[in-house]
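J.: My questions all concern the structure below.
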Amino acid sequence: MLDRRIVVIGLGAFISEVTASRAELTSTDPLDPSRWRIRYSPGMPPRPNAPWHFDFPHEDGIHYVTTRSGPIRARSVMRMRFRIVGEATFKATQGDAPARIRLYMQRRGDHMRWDHASYRFWSGPLDLATGEYTLEEQLLPGRWINVAGQHDEAGFWAALAEVENIGFTFGGIFAGHGVFAQGNARFHLLEFAVA
């Protein structure tokens, strides 16, 4: 009898965890912070705060900010609108290129190695500064680059058909290698859409 209780209690905890994960993915509000993850960013919280914002770190940096997605092949544009407030300058964690933000998508099955270079794609960059901005890119293969900095039409269309994560990344010459603030600054996401 004791063994059954352990199994039932364990199963109940597992079902609760799965239910919580599904609830996270069923929110239809793209600005619900619980739908987003801050990834590969030492010292940053795992998710943005509500209403949707985070404070830029003062070292190493903010790297990837993503949300789950399904296929977006039938869509034509990815767009975000954001505001940066504060008094700061922004630095890339690597190299001398300006600190930048880019739209991002990741194909399901990516293991983040070179043999999957066309499982991640980025839009053109926008240099970071305080103010309000819109970053928008057509979902066309000539407008996005892969990990190797190349356009790959076949890889791009496959990624759109099997997208798992979308969002944006911060970096300099390397699209997702991070940026940090010299001074205090806060990032507010105002809109994120794939239409």
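Within each chain, counting starts at residue 1; across the structure tokens, chains are named A, B, ... in the order shown, with ligands numbered 1 upward in that order.
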If you count only C-alpha atoms, which residues fall within 7 Å of segment 166-176 of chain A, apart from same-chain ones fewer than 6 positions away, as JSON, numbers by chain?

T.: {"A": [62, 63, 64, 65, 66, 67, 68, 69, 92, 94, 95, 97, 98, 99, 100, 101, 102, 103, 104, 105, 106]}

J.: Near Asn184 of chain A, counting only C-alpha atoms, which residues have an atom at most 10 Å away, once you skip same-chain residues fewer than 3 positions from it, shown as a list in words?

T.: Asp55, Phe56, Pro57, His58, Val85, Gly86, Glu87, Ala88, Thr89, Phe90, Phe180 and Ala181 of chain A

J.: Those residues with C-alpha atoms, as a JSON list (two decimals), in the first residue's frame please?

T.:
[["chain", "number", "residue", "atom", "x", "y", "z"],
["A", 55, "ASP", "CA", 17.65, 46.23, -16.09],
["A", 56, "PHE", "CA", 20.82, 46.03, -18.17],
["A", 57, "PRO", "CA", 23.70, 44.38, -16.30],
["A", 58, "HIS", "CA", 26.95, 46.25, -15.63],
["A", 85, "VAL", "CA", 15.40, 54.54, -20.38],
["A", 86, "GLY", "CA", 18.23, 55.69, -18.17],
["A", 87, "GLU", "CA", 21.62, 57.27, -18.51],
["A", 88, "ALA", "CA", 24.09, 54.79, -19.93],
["A", 89, "THR", "CA", 26.27, 53.85, -22.82],
["A", 90, "PHE", "CA", 26.22, 50.29, -24.08],
["A", 180, "PHE", "CA", 26.20, 45.52, -20.85],
["A", 181, "ALA", "CA", 25.54, 49.07, -19.69]]

J.: Once DSSP has gone over the backbone, tell me which residues of segment 61-162 of chain A are in strand (DSSP E), as JSON, numbers by chain.

T.: {"A": [64, 65, 66, 67, 68, 77, 78, 79, 80, 81, 82, 83, 84, 85, 86, 87, 88, 89, 90, 91, 92, 100, 101, 102, 103, 104, 105, 106, 107, 120, 121, 122, 126, 127, 131, 132, 133, 134, 135, 136, 137, 138, 145, 146]}

J.: Can you write just those residues out, N, CA and C atoms, as a CSV table (one decimal), in the first residue's frame?

T.:
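Output (selection20.csv):
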chain,number,residue,atom,x,y,z
A,64,TYR,N,20.5,36.4,-24.9
A,64,TYR,CA,19.4,36.0,-25.6
A,64,TYR,C,18.1,36.2,-24.8
A,65,VAL,N,17.0,36.7,-25.4
A,65,VAL,CA,15.7,36.8,-24.8
A,65,VAL,C,14.7,36.1,-25.8
A,66,THR,N,14.1,35.0,-25.3
A,66,THR,CA,13.3,34.2,-26.3
A,66,THR,C,12.0,33.8,-25.7
A,67,THR,N,11.1,33.5,-26.6
A,67,THR,CA,9.8,32.9,-26.2
A,67,THR,C,9.5,31.8,-27.2
A,68,ARG,N,8.7,30.8,-26.8
A,68,ARG,CA,8.4,29.7,-27.6
A,68,ARG,C,7.5,30.1,-28.8
A,77,VAL,N,6.4,39.1,-41.6
A,77,VAL,CA,7.3,40.1,-40.9
A,77,VAL,C,7.4,39.8,-39.4
A,78,MET,N,8.5,40.0,-38.8
A,78,MET,CA,8.7,40.0,-37.4
A,78,MET,C,9.0,41.4,-36.9
A,79,ARG,N,8.4,41.9,-35.9
A,79,ARG,CA,8.5,43.2,-35.4
A,79,ARG,C,8.5,43.3,-33.9
A,80,MET,N,9.3,44.2,-33.4
A,80,MET,CA,9.3,44.5,-32.0
A,80,MET,C,9.4,46.1,-31.8
A,81,ARG,N,8.8,46.5,-30.8
A,81,ARG,CA,8.9,47.9,-30.4
A,81,ARG,C,9.4,47.9,-28.9
A,82,PHE,N,10.4,48.8,-28.6
A,82,PHE,CA,10.9,48.8,-27.3
A,82,PHE,C,11.4,50.2,-26.9
A,83,ARG,N,11.6,50.4,-25.6
A,83,ARG,CA,12.1,51.6,-25.1
A,83,ARG,C,13.2,51.3,-24.1
A,84,ILE,N,14.3,52.1,-24.2
A,84,ILE,CA,15.4,52.0,-23.3
A,84,ILE,C,15.4,53.4,-22.5
A,85,VAL,N,15.4,53.3,-21.2
A,85,VAL,CA,15.4,54.5,-20.4
A,85,VAL,C,16.6,54.5,-19.5
A,86,GLY,N,17.1,55.6,-19.1
A,86,GLY,CA,18.2,55.7,-18.2
A,86,GLY,C,19.3,56.6,-18.7
A,87,GLU,N,20.4,56.5,-18.1
A,87,GLU,CA,21.6,57.3,-18.5
A,87,GLU,C,22.8,56.3,-18.6
A,88,ALA,N,23.1,55.8,-19.8
A,88,ALA,CA,24.1,54.8,-19.9
A,88,ALA,C,24.6,54.8,-21.4
A,89,THR,N,25.8,54.2,-21.5
A,89,THR,CA,26.3,53.8,-22.8
A,89,THR,C,26.3,52.3,-22.8
A,90,PHE,N,26.3,51.7,-24.0
A,90,PHE,CA,26.2,50.3,-24.1
A,90,PHE,C,27.5,49.8,-24.8
A,91,LYS,N,28.0,48.6,-24.3
A,91,LYS,CA,29.2,48.0,-24.8
A,91,LYS,C,28.9,46.6,-25.1
A,92,ALA,N,29.4,46.1,-26.2
A,92,ALA,CA,29.4,44.7,-26.5
A,92,ALA,C,30.4,44.0,-25.6
A,100,ARG,N,24.5,46.1,-30.0
A,100,ARG,CA,23.4,46.0,-30.9
A,100,ARG,C,22.3,45.1,-30.4
A,101,ILE,N,21.1,45.2,-31.0
A,101,ILE,CA,20.0,44.3,-30.8
A,101,ILE,C,19.6,43.8,-32.2
A,102,ARG,N,19.2,42.5,-32.2
A,102,ARG,CA,18.7,41.9,-33.5
A,102,ARG,C,17.5,41.0,-33.2
A,103,LEU,N,16.6,40.9,-34.1
A,103,LEU,CA,15.5,39.9,-34.0
A,103,LEU,C,16.2,38.5,-34.2
A,104,TYR,N,15.5,37.5,-33.7
A,104,TYR,CA,16.1,36.2,-33.7
A,104,TYR,C,15.1,35.1,-33.9
A,105,MET,N,15.5,34.0,-34.5
A,105,MET,CA,14.6,32.8,-34.5
A,105,MET,C,15.5,31.6,-34.5
A,106,GLN,N,15.0,30.5,-33.9
A,106,GLN,CA,15.8,29.3,-33.7
A,106,GLN,C,14.9,28.1,-34.1
A,107,ARG,N,15.4,27.2,-34.9
A,107,ARG,CA,14.7,26.0,-35.4
A,107,ARG,C,14.8,24.9,-34.3
A,120,ARG,N,19.7,28.8,-36.6
A,120,ARG,CA,19.5,30.1,-35.9
A,120,ARG,C,19.7,31.2,-36.9
A,121,PHE,N,18.8,32.1,-36.9
A,121,PHE,CA,18.9,33.3,-37.9
A,121,PHE,C,18.6,34.6,-37.1
A,122,TRP,N,19.3,35.6,-37.6
A,122,TRP,CA,19.2,37.0,-37.1
A,122,TRP,C,18.9,38.0,-38.2
A,126,LEU,N,20.4,46.8,-34.9
A,126,LEU,CA,20.1,48.2,-34.5
A,126,LEU,C,21.0,48.6,-33.3
A,127,ASP,N,21.7,49.6,-33.5
A,127,ASP,CA,22.6,50.1,-32.4
A,127,ASP,C,21.8,50.5,-31.2
A,131,GLY,N,16.0,55.6,-25.7
A,131,GLY,CA,15.0,56.1,-26.7
A,131,GLY,C,14.0,55.0,-27.0
A,132,GLU,N,13.1,55.3,-27.9
A,132,GLU,CA,12.1,54.3,-28.3
A,132,GLU,C,12.3,53.9,-29.7
A,133,TYR,N,12.2,52.6,-30.0
A,133,TYR,CA,12.6,52.1,-31.3
A,133,TYR,C,11.6,51.0,-31.8
A,134,THR,N,11.6,50.9,-33.1
A,134,THR,CA,10.9,49.7,-33.7
A,134,THR,C,11.9,49.0,-34.6
A,135,LEU,N,12.1,47.7,-34.4
A,135,LEU,CA,12.9,46.9,-35.2
A,135,LEU,C,12.0,45.9,-35.9
A,136,GLU,N,12.1,45.9,-37.2
A,136,GLU,CA,11.1,45.1,-38.0
A,136,GLU,C,11.9,44.5,-39.2
A,137,GLU,N,11.6,43.3,-39.5
A,137,GLU,CA,12.3,42.6,-40.7
A,137,GLU,C,11.4,41.7,-41.4
A,138,GLN,N,11.4,41.8,-42.7
A,138,GLN,CA,10.6,40.9,-43.5
A,138,GLN,C,11.1,39.5,-43.3
A,145,ILE,N,20.6,36.4,-41.5
A,145,ILE,CA,21.8,35.7,-41.6
A,145,ILE,C,21.8,34.6,-40.6
A,146,ASN,N,22.6,33.5,-40.9
A,146,ASN,CA,22.7,32.4,-40.0
A,146,ASN,C,23.9,32.6,-39.0

J.: Please return, as a ChimeraX atom specification, all residues of chain A that DSSP assigns to alpha helix (DSSP H) on the basis of the backbone.

T.: /A:2-26,153-161

J.: When you draw a straight line from atom CA of Glu153 of chain A to atom CA of Asn165 of chain A, how long is it in Å?

T.: 19.0 Å

J.: Using only C-alpha atoms, pick whichever of A:Gly124, A:Gln182, A:Val163, A:Glu59 has the shortest atom-to-atom distance to Pro71 of chain A.

T.: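 Using only C-alpha atoms, Pro71 of chain A sits closest to A:Val163.
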
J.: Looking at only C-alpha atoms, which of A:His116, A:Arg186, A:His177, A:His111 is the one that sits closest to Asp152 of chain A?

T.: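 The shortest atom-to-atom distance to Asp152 of chain A comes from A:His116.
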